[in-house]
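Everything below belongs to protein-v1.pdb, which stores PDB, C-alpha atoms.
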```
ATOM      1  CA  MET T  23       0.000   0.000   0.000  1.00  0.00           C
ATOM      2  CA  LEU T  24       1.238   3.473  -0.901  1.00  0.00           C
ATOM      3  CA  ASN T  25       1.849   5.825   1.979  1.00  0.00           C
ATOM      4  CA  LEU T  26       2.530   9.502   1.411  1.00  0.00           C
ATOM      5  CA  LYS T  27       3.413   9.964   5.064  1.00  0.00           C
ATOM      6  CA  GLY T  28       6.928   9.951   6.432  1.00  0.00           C
ATOM      7  CA  LYS T  29       8.364  10.243   9.895  1.00  0.00           C
ATOM      8  CA  HIS T  30       8.371  14.058   9.891  1.00  0.00           C
ATOM      9  CA  ILE T  31       6.276  15.128   6.885  1.00  0.00           C
ATOM     10  CA  TYR T  32       3.469  14.044   4.607  1.00  0.00           C
ATOM     11  CA  LEU T  33       2.519  14.933   1.044  1.00  0.00           C
ATOM     12  CA  ARG T  34      -0.969  16.055   0.092  1.00  0.00           C
ATOM     13  CA  ALA T  35      -2.824  17.532  -2.849  1.00  0.00           C
ATOM     14  CA  LEU T  36      -3.172  21.279  -3.193  1.00  0.00           C
ATOM     15  CA  GLU T  37      -6.250  22.760  -1.540  1.00  0.00           C
ATOM     16  CA  PRO T  38      -8.067  26.063  -2.197  1.00  0.00           C
ATOM     17  CA  SER T  39      -6.810  27.238   1.192  1.00  0.00           C
ATOM     18  CA  ASP T  40      -3.216  27.029  -0.122  1.00  0.00           C
ATOM     19  CA  LEU T  41      -3.653  30.172  -2.238  1.00  0.00           C
ATOM     20  CA  ASP T  42      -1.811  32.506   0.163  1.00  0.00           C
ATOM     21  CA  PHE T  43       1.063  30.030   0.630  1.00  0.00           C
ATOM     22  CA  LEU T  44       1.369  29.528  -3.131  1.00  0.00           C
ATOM     23  CA  TYR T  45       1.226  33.287  -3.734  1.00  0.00           C
ATOM     24  CA  GLN T  46       4.003  33.921  -1.204  1.00  0.00           C
ATOM     25  CA  LEU T  47       6.242  31.117  -2.505  1.00  0.00           C
ATOM     26  CA  GLU T  48       5.764  31.744  -6.234  1.00  0.00           C
ATOM     27  CA  ASN T  49       6.531  35.444  -5.735  1.00  0.00           C
ATOM     28  CA  ASP T  50       9.624  34.875  -3.583  1.00  0.00           C
ATOM     29  CA  THR T  51      12.366  36.152  -5.875  1.00  0.00           C
ATOM     30  CA  SER T  52      15.008  34.174  -3.955  1.00  0.00           C
ATOM     31  CA  VAL T  53      13.678  30.936  -5.515  1.00  0.00           C
ATOM     32  CA  TRP T  54      13.069  32.255  -9.020  1.00  0.00           C
ATOM     33  CA  GLU T  55      16.526  31.196 -10.164  1.00  0.00           C
ATOM     34  CA  VAL T  56      15.831  27.525  -9.472  1.00  0.00           C
ATOM     35  CA  SER T  57      12.211  27.593 -10.630  1.00  0.00           C
ATOM     36  CA  GLY T  58      12.786  29.474 -13.868  1.00  0.00           C
ATOM     37  CA  THR T  59      10.236  32.124 -12.896  1.00  0.00           C
ATOM     38  CA  LEU T  60      10.594  35.428 -14.724  1.00  0.00           C
ATOM     39  CA  LYS T  61       7.733  37.506 -13.345  1.00  0.00           C
ATOM     40  CA  PRO T  62       5.376  37.663 -10.369  1.00  0.00           C
ATOM     41  CA  TYR T  63       2.152  35.658 -10.315  1.00  0.00           C
ATOM     42  CA  SER T  64      -1.170  37.264  -9.465  1.00  0.00           C
ATOM     43  CA  LYS T  65      -3.572  35.657  -7.032  1.00  0.00           C
ATOM     44  CA  LYS T  66      -6.051  35.361  -9.898  1.00  0.00           C
ATOM     45  CA  VAL T  67      -3.632  33.294 -11.998  1.00  0.00           C
ATOM     46  CA  LEU T  68      -2.733  31.116  -9.010  1.00  0.00           C
ATOM     47  CA  GLN T  69      -6.434  30.627  -8.202  1.00  0.00           C
ATOM     48  CA  LEU T  70      -6.978  29.378 -11.765  1.00  0.00           C
ATOM     49  CA  TYR T  71      -4.059  27.003 -11.247  1.00  0.00           C
ATOM     50  CA  LEU T  72      -5.598  25.736  -7.996  1.00  0.00           C
ATOM     51  CA  ASP T  73      -8.973  25.339  -9.723  1.00  0.00           C
ATOM     52  CA  ASN T  74      -7.317  22.946 -12.166  1.00  0.00           C
ATOM     53  CA  ALA T  75      -5.009  21.178  -9.697  1.00  0.00           C
ATOM     54  CA  HIS T  76      -7.405  18.226  -9.606  1.00  0.00           C
ATOM     55  CA  LEU T  77      -6.670  17.359 -13.247  1.00  0.00           C
ATOM     56  CA  ASP T  78      -4.964  14.053 -13.918  1.00  0.00           C
ATOM     57  CA  ILE T  79      -1.190  13.895 -14.377  1.00  0.00           C
ATOM     58  CA  TYR T  80      -1.782  12.129 -17.704  1.00  0.00           C
ATOM     59  CA  GLU T  81      -3.665  15.206 -18.909  1.00  0.00           C
ATOM     60  CA  VAL T  82      -1.514  18.082 -17.577  1.00  0.00           C
ATOM     61  CA  LYS T  83       1.855  16.252 -17.426  1.00  0.00           C
ATOM     62  CA  GLN T  84       2.531  17.629 -13.937  1.00  0.00           C
ATOM     63  CA  LEU T  85       1.759  16.779 -10.326  1.00  0.00           C
ATOM     64  CA  ARG T  86       2.357  19.258  -7.517  1.00  0.00           C
ATOM     65  CA  LEU T  87       1.979  18.225  -3.881  1.00  0.00           C
ATOM     66  CA  CYS T  88       2.301  20.200  -0.663  1.00  0.00           C
ATOM     67  CA  ILE T  89       4.939  19.104   1.830  1.00  0.00           C
ATOM     68  CA  CYS T  90       3.367  19.388   5.283  1.00  0.00           C
ATOM     69  CA  ASN T  91       4.776  18.851   8.733  1.00  0.00           C
ATOM     70  CA  HIS T  92       2.732  16.907  11.262  1.00  0.00           C
ATOM     71  CA  ALA T  93       1.419  20.197  12.689  1.00  0.00           C
ATOM     72  CA  ASP T  94      -0.347  20.503   9.285  1.00  0.00           C
ATOM     73  CA  ASP T  95       1.773  23.486   8.206  1.00  0.00           C
ATOM     74  CA  CYS T  96       2.637  23.556   4.517  1.00  0.00           C
ATOM     75  CA  ILE T  97       6.429  23.980   4.414  1.00  0.00           C
ATOM     76  CA  GLY T  98       7.106  23.465   0.721  1.00  0.00           C
ATOM     77  CA  LEU T  99       6.142  21.970  -2.606  1.00  0.00           C
ATOM     78  CA  ILE T 100       7.319  18.978  -4.583  1.00  0.00           C
ATOM     79  CA  ASP T 101       6.577  18.472  -8.267  1.00  0.00           C
ATOM     80  CA  LEU T 102       6.723  15.857 -10.934  1.00  0.00           C
ATOM     81  CA  PHE T 103       6.914  17.670 -14.282  1.00  0.00           C
ATOM     82  CA  ASP T 104       7.386  16.840 -17.962  1.00  0.00           C
ATOM     83  CA  PHE T 105       5.599  13.555 -17.235  1.00  0.00           C
ATOM     84  CA  ASP T 106       6.143  11.251 -20.203  1.00  0.00           C
ATOM     85  CA  PRO T 107       4.072   8.055 -19.878  1.00  0.00           C
ATOM     86  CA  LYS T 108       5.389   6.564 -23.157  1.00  0.00           C
ATOM     87  CA  HIS T 109       9.009   6.681 -22.016  1.00  0.00           C
ATOM     88  CA  ARG T 110       7.982   6.325 -18.355  1.00  0.00           C
ATOM     89  CA  ARG T 111       9.928   9.280 -16.980  1.00  0.00           C
ATOM     90  CA  ALA T 112       9.409  12.627 -15.278  1.00  0.00           C
ATOM     91  CA  GLY T 113      11.410  15.449 -13.775  1.00  0.00           C
ATOM     92  CA  ILE T 114      11.280  16.215 -10.076  1.00  0.00           C
ATOM     93  CA  GLY T 115      11.638  19.522  -8.290  1.00  0.00           C
ATOM     94  CA  ILE T 116      11.344  20.565  -4.678  1.00  0.00           C
ATOM     95  CA  VAL T 117      11.345  23.768  -2.661  1.00  0.00           C
ATOM     96  CA  ILE T 118      11.188  24.209   1.089  1.00  0.00           C
ATOM     97  CA  SER T 119       9.871  27.739   1.535  1.00  0.00           C
ATOM     98  CA  ASP T 120      11.434  28.909   4.801  1.00  0.00           C
ATOM     99  CA  PRO T 121      15.230  28.637   5.118  1.00  0.00           C
ATOM    100  CA  LYS T 122      14.825  27.638   8.800  1.00  0.00           C
ATOM    101  CA  ASP T 123      12.983  24.479   7.654  1.00  0.00           C
ATOM    102  CA  ARG T 124      15.801  23.429   5.293  1.00  0.00           C
ATOM    103  CA  ASN T 125      18.540  20.873   5.991  1.00  0.00           C
ATOM    104  CA  LYS T 126      16.437  18.986   8.540  1.00  0.00           C
ATOM    105  CA  GLY T 127      15.752  15.881   6.442  1.00  0.00           C
ATOM    106  CA  GLN T 128      12.246  16.931   5.441  1.00  0.00           C
ATOM    107  CA  GLY T 129      13.256  17.452   1.818  1.00  0.00           C
ATOM    108  CA  ALA T 130      14.884  14.017   1.698  1.00  0.00           C
ATOM    109  CA  GLU T 131      11.732  12.483   3.119  1.00  0.00           C
ATOM    110  CA  ALA T 132       9.602  14.291   0.517  1.00  0.00           C
ATOM    111  CA  VAL T 133      11.854  13.154  -2.344  1.00  0.00           C
ATOM    112  CA  ALA T 134      11.735   9.563  -1.066  1.00  0.00           C
ATOM    113  CA  LEU T 135       7.922   9.628  -0.821  1.00  0.00           C
ATOM    114  CA  MET T 136       7.515  11.185  -4.279  1.00  0.00           C
ATOM    115  CA  CYS T 137       9.937   8.721  -5.874  1.00  0.00           C
ATOM    116  CA  ASP T 138       8.137   5.797  -4.232  1.00  0.00           C
ATOM    117  CA  TYR T 139       4.849   7.152  -5.607  1.00  0.00           C
ATOM    118  CA  ALA T 140       6.308   7.695  -9.087  1.00  0.00           C
ATOM    119  CA  PHE T 141       7.844   4.231  -9.235  1.00  0.00           C
ATOM    120  CA  SER T 142       5.057   2.220  -7.600  1.00  0.00           C
ATOM    121  CA  VAL T 143       1.899   4.032  -8.753  1.00  0.00           C
ATOM    122  CA  LEU T 144       2.914   5.711 -12.019  1.00  0.00           C
ATOM    123  CA  ASP T 145       5.236   2.821 -12.926  1.00  0.00           C
ATOM    124  CA  LEU T 146       7.978   5.196 -14.029  1.00  0.00           C
ATOM    125  CA  HIS T 147      11.299   3.837 -15.208  1.00  0.00           C
ATOM    126  CA  GLN T 148      13.275   6.970 -14.329  1.00  0.00           C
ATOM    127  CA  ILE T 149      13.130  10.324 -12.603  1.00  0.00           C
ATOM    128  CA  TYR T 150      15.510  13.176 -13.288  1.00  0.00           C
ATOM    129  CA  ALA T 151      16.457  16.432 -11.572  1.00  0.00           C
ATOM    130  CA  ASN T 152      18.077  19.544 -13.022  1.00  0.00           C
ATOM    131  CA  ILE T 153      20.195  21.336 -10.405  1.00  0.00           C
ATOM    132  CA  LEU T 154      22.397  24.416 -10.691  1.00  0.00           C
ATOM    133  CA  GLU T 155      25.992  23.463  -9.917  1.00  0.00           C
ATOM    134  CA  ASP T 156      26.254  25.905  -7.006  1.00  0.00           C
ATOM    135  CA  ASN T 157      23.142  24.512  -5.266  1.00  0.00           C
ATOM    136  CA  LYS T 158      25.149  22.238  -2.974  1.00  0.00           C
ATOM    137  CA  ALA T 159      22.203  21.456  -0.670  1.00  0.00           C
ATOM    138  CA  SER T 160      20.066  20.118  -3.537  1.00  0.00           C
ATOM    139  CA  ILE T 161      22.980  18.172  -5.011  1.00  0.00           C
ATOM    140  CA  HIS T 162      23.572  16.555  -1.624  1.00  0.00           C
ATOM    141  CA  LEU T 163      19.855  15.797  -1.224  1.00  0.00           C
ATOM    142  CA  PHE T 164      19.466  14.041  -4.570  1.00  0.00           C
ATOM    143  CA  GLU T 165      22.772  12.168  -4.312  1.00  0.00           C
ATOM    144  CA  LYS T 166      21.749  11.001  -0.827  1.00  0.00           C
ATOM    145  CA  TYR T 167      18.602   9.490  -2.301  1.00  0.00           C
ATOM    146  CA  GLY T 168      20.500   7.634  -5.029  1.00  0.00           C
ATOM    147  CA  PHE T 169      20.326  10.025  -7.971  1.00  0.00           C
ATOM    148  CA  GLU T 170      23.422   9.841 -10.172  1.00  0.00           C
ATOM    149  CA  LYS T 171      25.071  12.734 -11.965  1.00  0.00           C
ATOM    150  CA  ILE T 172      24.802  11.933 -15.657  1.00  0.00           C
ATOM    151  CA  GLY T 173      25.731  15.189 -17.346  1.00  0.00           C
ATOM    152  CA  VAL T 174      26.383  18.902 -17.230  1.00  0.00           C
ATOM    153  CA  LYS T 175      24.604  21.471 -19.373  1.00  0.00           C
ATOM    154  CA  LYS T 176      27.257  24.173 -19.825  1.00  0.00           C
ATOM    155  CA  GLU T 177      26.210  27.779 -19.178  1.00  0.00           C
ATOM    156  CA  TRP T 178      22.589  26.601 -19.281  1.00  0.00           C
ATOM    157  CA  VAL T 179      20.862  29.092 -16.978  1.00  0.00           C
ATOM    158  CA  ARG T 180      21.253  32.844 -17.162  1.00  0.00           C
ATOM    159  CA  THR T 181      21.248  34.484 -13.744  1.00  0.00           C
ATOM    160  CA  SER T 182      21.972  37.932 -12.390  1.00  0.00           C
ATOM    161  CA  GLU T 183      25.532  36.701 -11.782  1.00  0.00           C
ATOM    162  CA  GLY T 184      25.998  35.406 -15.331  1.00  0.00           C
ATOM    163  CA  PHE T 185      25.485  31.991 -16.875  1.00  0.00           C
ATOM    164  CA  LYS T 186      25.568  28.900 -14.672  1.00  0.00           C
ATOM    165  CA  ASN T 187      25.995  25.237 -15.431  1.00  0.00           C
ATOM    166  CA  GLU T 188      23.109  22.912 -14.682  1.00  0.00           C
ATOM    167  CA  ILE T 189      23.756  19.338 -13.611  1.00  0.00           C
ATOM    168  CA  LEU T 190      21.434  16.557 -14.720  1.00  0.00           C
ATOM    169  CA  PHE T 191      20.777  13.837 -12.135  1.00  0.00           C
ATOM    170  CA  GLN T 192      18.876  10.629 -12.777  1.00  0.00           C
ATOM    171  CA  LYS T 193      17.437   7.773 -10.759  1.00  0.00           C
ATOM    172  CA  ILE T 194      16.541   4.564 -12.572  1.00  0.00           C
ATOM    173  CA  ASN T 195      13.906   2.266 -11.140  1.00  0.00           C
ATOM    174  CA  SER T 196      15.704  -1.075 -11.286  1.00  0.00           C
ATOM    175  CA  ASN T 197      12.462  -2.915 -10.411  1.00  0.00           C
ATOM    176  CA  VAL T 198      10.830  -1.990 -13.722  1.00  0.00           C
ATOM    177  CA  SER T 199      11.476  -3.531 -17.116  1.00  0.00           C
TER     178      SER T 199
END
```
This entry written out as C-alpha cells:
Amino acid sequence: MLNLKGKHIYLRALEPSDLDFLYQLENDTSVWEVSGTLKPYSKKVLQLYLDNAHLDIYEVKQLRLCICNHADDCIGLIDLFDFDPKHRRAGIGIVISDPKDRNKGQGAEAVALMCDYAFSVLDLHQIYANILEDNKASIHLFEKYGFEKIGVKKEWVRTSEGFKNEILFQKINSNVS
C-alpha cells in the first residue's frame, strides 16, 4: 500500500486554502533562479491554477503536492513535471519555503515519498532532476537518495551573476522492465 506519510512530513494535494502560501512562494524572488520564474504571479492566476489542480497527471503532465509537517503546516512543494508516460519518466523539483525548515531531512523524506509514488503508482522507469551546480544542498539531497550525476549542461541558466551550469541527475527504477 502506498503511503505519502513519512516520519516528519506528509505529502498532500493542493487545496483552495493554499492560495496565500502559493502566492508567497511563487513570488519569492530568492527561488526564481531555481524555478525558472521570470515575473510575479497574481492571485487570480494562481487561483486558476488551484482550480485545475485536480486534473490528472496524464492530462496536464505535472503533479504538484504540498509538503506538510505533522502540525499541518505547509512547508514546501514537490513536483513531478514533464511527465512522459510513453518513455515512463518525469522530472522532479522541490522547494522548502522557509530557510529555517531546510537541511532537517524533510526534503529528503519528501523526495523519497515522491519517488516511491512515481515508481510504484505511475510505474515510471526513471526520474531526473536539473540542479544548478552551485546549489550544494540540492545536489547533496538528490545524491543522498541515489540520484546519479549523468551530465552537465554548460552555461545553461542565465542568472543575475551570469550563466551557470546545470547538472542533470537521474534515478533509474531497477524494479521496472
Need the neighbours of (3.1, 18.0, -1.1): which residues are at most 8 Å away, counting all atoms listed in the file, as an mmCIF file with C-alpha atoms, in the coordinates of the input?
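After the write, part.cif holds the following:
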```cif
data_model
loop_
_atom_site.group_PDB
_atom_site.id
_atom_site.type_symbol
_atom_site.label_atom_id
_atom_site.label_comp_id
_atom_site.auth_asym_id
_atom_site.auth_seq_id
_atom_site.Cartn_x
_atom_site.Cartn_y
_atom_site.Cartn_z
ATOM 1 C CA TYR T 32 3.469 14.044 4.607
ATOM 2 C CA LEU T 33 2.519 14.933 1.044
ATOM 3 C CA ARG T 34 -0.969 16.055 0.092
ATOM 4 C CA ALA T 35 -2.824 17.532 -2.849
ATOM 5 C CA LEU T 36 -3.172 21.279 -3.193
ATOM 6 C CA ARG T 86 2.357 19.258 -7.517
ATOM 7 C CA LEU T 87 1.979 18.225 -3.881
ATOM 8 C CA CYS T 88 2.301 20.200 -0.663
ATOM 9 C CA ILE T 89 4.939 19.104 1.830
ATOM 10 C CA CYS T 90 3.367 19.388 5.283
ATOM 11 C CA CYS T 96 2.637 23.556 4.517
ATOM 12 C CA GLY T 98 7.106 23.465 0.721
ATOM 13 C CA LEU T 99 6.142 21.970 -2.606
ATOM 14 C CA ILE T 100 7.319 18.978 -4.583
ATOM 15 C CA ASP T 101 6.577 18.472 -8.267
ATOM 16 C CA ALA T 132 9.602 14.291 0.517
#
```
Practice task
Run the PyMOL selection byres ((chain T and resi 149) around 8) mentally over the shown coordinates, then write out the matched residues as a ChimeraX atom specification, using the chain letters and numbers from the document.
Solution key: /T:111-114,137,146-148,150-151,192-194
Those selected residues, please, written with C-alpha atoms and delivered as a JSON list (two decimals), in the frame of the given file.
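Generated output (part35.json):
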```
[["chain", "number", "residue", "atom", "x", "y", "z"],
["T", 111, "ARG", "CA", 9.93, 9.28, -16.98],
["T", 112, "ALA", "CA", 9.41, 12.63, -15.28],
["T", 113, "GLY", "CA", 11.41, 15.45, -13.78],
["T", 114, "ILE", "CA", 11.28, 16.22, -10.08],
["T", 137, "CYS", "CA", 9.94, 8.72, -5.87],
["T", 146, "LEU", "CA", 7.98, 5.20, -14.03],
["T", 147, "HIS", "CA", 11.30, 3.84, -15.21],
["T", 148, "GLN", "CA", 13.28, 6.97, -14.33],
["T", 150, "TYR", "CA", 15.51, 13.18, -13.29],
["T", 151, "ALA", "CA", 16.46, 16.43, -11.57],
["T", 192, "GLN", "CA", 18.88, 10.63, -12.78],
["T", 193, "LYS", "CA", 17.44, 7.77, -10.76],
["T", 194, "ILE", "CA", 16.54, 4.56, -12.57]]
```
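The residues returned by the PyMOL selection byres ((chain T and resi 45) around 10) on the shown structure are Asp40, Leu41, Asp42, Phe43, Leu44, Gln46, Leu47, Glu48, Asn49, Asp50, Pro62, Tyr63, Ser64, Lys65, Lys66, Val67, Leu68 and Gln69 of chain T.
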The selected residues should be written to file as a short mmCIF file (atom, residue, chain, number, x, y, z; two decimals), in the coordinates of the input (atoms: C-alpha atoms).
```cif
data_model
loop_
_atom_site.label_atom_id
_atom_site.label_comp_id
_atom_site.auth_asym_id
_atom_site.auth_seq_id
_atom_site.Cartn_x
_atom_site.Cartn_y
_atom_site.Cartn_z
CA ASP T 40 -3.22 27.03 -0.12
CA LEU T 41 -3.65 30.17 -2.24
CA ASP T 42 -1.81 32.51 0.16
CA PHE T 43 1.06 30.03 0.63
CA LEU T 44 1.37 29.53 -3.13
CA GLN T 46 4.00 33.92 -1.20
CA LEU T 47 6.24 31.12 -2.50
CA GLU T 48 5.76 31.74 -6.23
CA ASN T 49 6.53 35.44 -5.74
CA ASP T 50 9.62 34.88 -3.58
CA PRO T 62 5.38 37.66 -10.37
CA TYR T 63 2.15 35.66 -10.32
CA SER T 64 -1.17 37.26 -9.46
CA LYS T 65 -3.57 35.66 -7.03
CA LYS T 66 -6.05 35.36 -9.90
CA VAL T 67 -3.63 33.29 -12.00
CA LEU T 68 -2.73 31.12 -9.01
CA GLN T 69 -6.43 30.63 -8.20
#
```
All residues 12 Å or closer to T:Leu60, all atoms listed in the file, same chain fewer than 5 positions away omitted, as a PDB file with C-alpha atoms, keeping the file's coordinate frame:
```pdb
ATOM      1  CA  GLU T  48       5.764  31.744  -6.234  1.00  0.00           C
ATOM      2  CA  ASN T  49       6.531  35.444  -5.735  1.00  0.00           C
ATOM      3  CA  ASP T  50       9.624  34.875  -3.583  1.00  0.00           C
ATOM      4  CA  THR T  51      12.366  36.152  -5.875  1.00  0.00           C
ATOM      5  CA  SER T  52      15.008  34.174  -3.955  1.00  0.00           C
ATOM      6  CA  VAL T  53      13.678  30.936  -5.515  1.00  0.00           C
ATOM      7  CA  TRP T  54      13.069  32.255  -9.020  1.00  0.00           C
ATOM      8  CA  GLU T  55      16.526  31.196 -10.164  1.00  0.00           C
ATOM      9  CA  ARG T 180      21.253  32.844 -17.162  1.00  0.00           C
ATOM     10  CA  THR T 181      21.248  34.484 -13.744  1.00  0.00           C
ATOM     11  CA  SER T 182      21.972  37.932 -12.390  1.00  0.00           C
TER      12      SER T 182
END
```
Problem - Evaluate the PyMOL selection byres ((chain T and resi 29) around 10) and report residues as an MDAnalysis selection string - result: chainID T and resid 27:28 30:32 91:92 127:128 131
Please produce a file of the residues just selected, as a PDB file, in the coordinates of the input, where the atoms kept are C-alpha atoms.
```pdb
ATOM      1  CA  LYS T  27       3.413   9.964   5.064  1.00  0.00           C
ATOM      2  CA  GLY T  28       6.928   9.951   6.432  1.00  0.00           C
ATOM      3  CA  HIS T  30       8.371  14.058   9.891  1.00  0.00           C
ATOM      4  CA  ILE T  31       6.276  15.128   6.885  1.00  0.00           C
ATOM      5  CA  TYR T  32       3.469  14.044   4.607  1.00  0.00           C
ATOM      6  CA  ASN T  91       4.776  18.851   8.733  1.00  0.00           C
ATOM      7  CA  HIS T  92       2.732  16.907  11.262  1.00  0.00           C
ATOM      8  CA  GLY T 127      15.752  15.881   6.442  1.00  0.00           C
ATOM      9  CA  GLN T 128      12.246  16.931   5.441  1.00  0.00           C
ATOM     10  CA  GLU T 131      11.732  12.483   3.119  1.00  0.00           C
TER      11      GLU T 131
END
```
Using the file's own x, y and z axes, so that the box edges lie along x, y and z, what centre and edge lengths in Å (one decimal) does a box around every listed atom of stretch 58-66 of chain T get when 8 Å is added on each side? Give it as JSON.
```
{"center_x": 3.4, "center_y": 33.6, "center_z": -10.9, "size_x": 34.8, "size_y": 24.2, "size_z": 23.7}
```
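When atom CA of T:Gly58 is paired with atom CA of T:Val117, their separation reads 12.7 Å.
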Problem - Atomic distance atom CA of T:Pro38 - atom CA of T:Asp120, expressed in Å with one decimal - result: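 These atoms are spaced 20.9 Å apart.
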Exercise for the section: May I ask for the distance between atom CA of T:Lys61 and atom CA of T:Phe185, given in Å to one decimal place? Expected result: 18.9 Å
Practice task
Go through T:Leu154, T:Ala159, T:Val179, T:Leu26 one by one, measure the shortest atom-to-atom distance of each to T:Tyr139 using only C-alpha atoms, and give the residue with the smallest value.
Solution key: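 Ranked by minimum distance to T:Tyr139, first place goes to T:Leu26.
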Just give me the residues with any atom within 8 Å of (29.5, 27.2, -17.3), file coordinates, counting all atoms listed in the file, written as a PDB file with C-alpha atoms, in the frame of the given file.
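Result file is part.pdb:
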```pdb
ATOM      1  CA  LYS T 175      24.604  21.471 -19.373  1.00  0.00           C
ATOM      2  CA  LYS T 176      27.257  24.173 -19.825  1.00  0.00           C
ATOM      3  CA  GLU T 177      26.210  27.779 -19.178  1.00  0.00           C
ATOM      4  CA  TRP T 178      22.589  26.601 -19.281  1.00  0.00           C
ATOM      5  CA  PHE T 185      25.485  31.991 -16.875  1.00  0.00           C
ATOM      6  CA  LYS T 186      25.568  28.900 -14.672  1.00  0.00           C
ATOM      7  CA  ASN T 187      25.995  25.237 -15.431  1.00  0.00           C
TER       8      ASN T 187
END
```
Each stretch 29-147 of chain T residue no farther than 9 Å from stretch 160-163 of chain T, nearest pair in Å, all atoms listed in the file, as a tab-separated table:
```
residue	atom	partner	partner_atom	distance
T:Ile116	CA	T:Ser160	CA	8.8
T:Asn125	CA	T:Leu163	CA	8.9
T:Gly127	CA	T:Leu163	CA	8.7
T:Gly129	CA	T:Leu163	CA	7.5
T:Ala130	CA	T:Leu163	CA	6.0
T:Val133	CA	T:Leu163	CA	8.5
```
Could you dump the residues just selected with C-alpha atoms as an mmCIF file, in the coordinates of the input?
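Once everything was written out, this is out_15.cif:
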```cif
data_model
loop_
_atom_site.group_PDB
_atom_site.id
_atom_site.type_symbol
_atom_site.label_atom_id
_atom_site.label_comp_id
_atom_site.auth_asym_id
_atom_site.auth_seq_id
_atom_site.Cartn_x
_atom_site.Cartn_y
_atom_site.Cartn_z
ATOM 1 C CA ILE T 116 11.344 20.565 -4.678
ATOM 2 C CA ASN T 125 18.540 20.873 5.991
ATOM 3 C CA GLY T 127 15.752 15.881 6.442
ATOM 4 C CA GLY T 129 13.256 17.452 1.818
ATOM 5 C CA ALA T 130 14.884 14.017 1.698
ATOM 6 C CA VAL T 133 11.854 13.154 -2.344
#
```
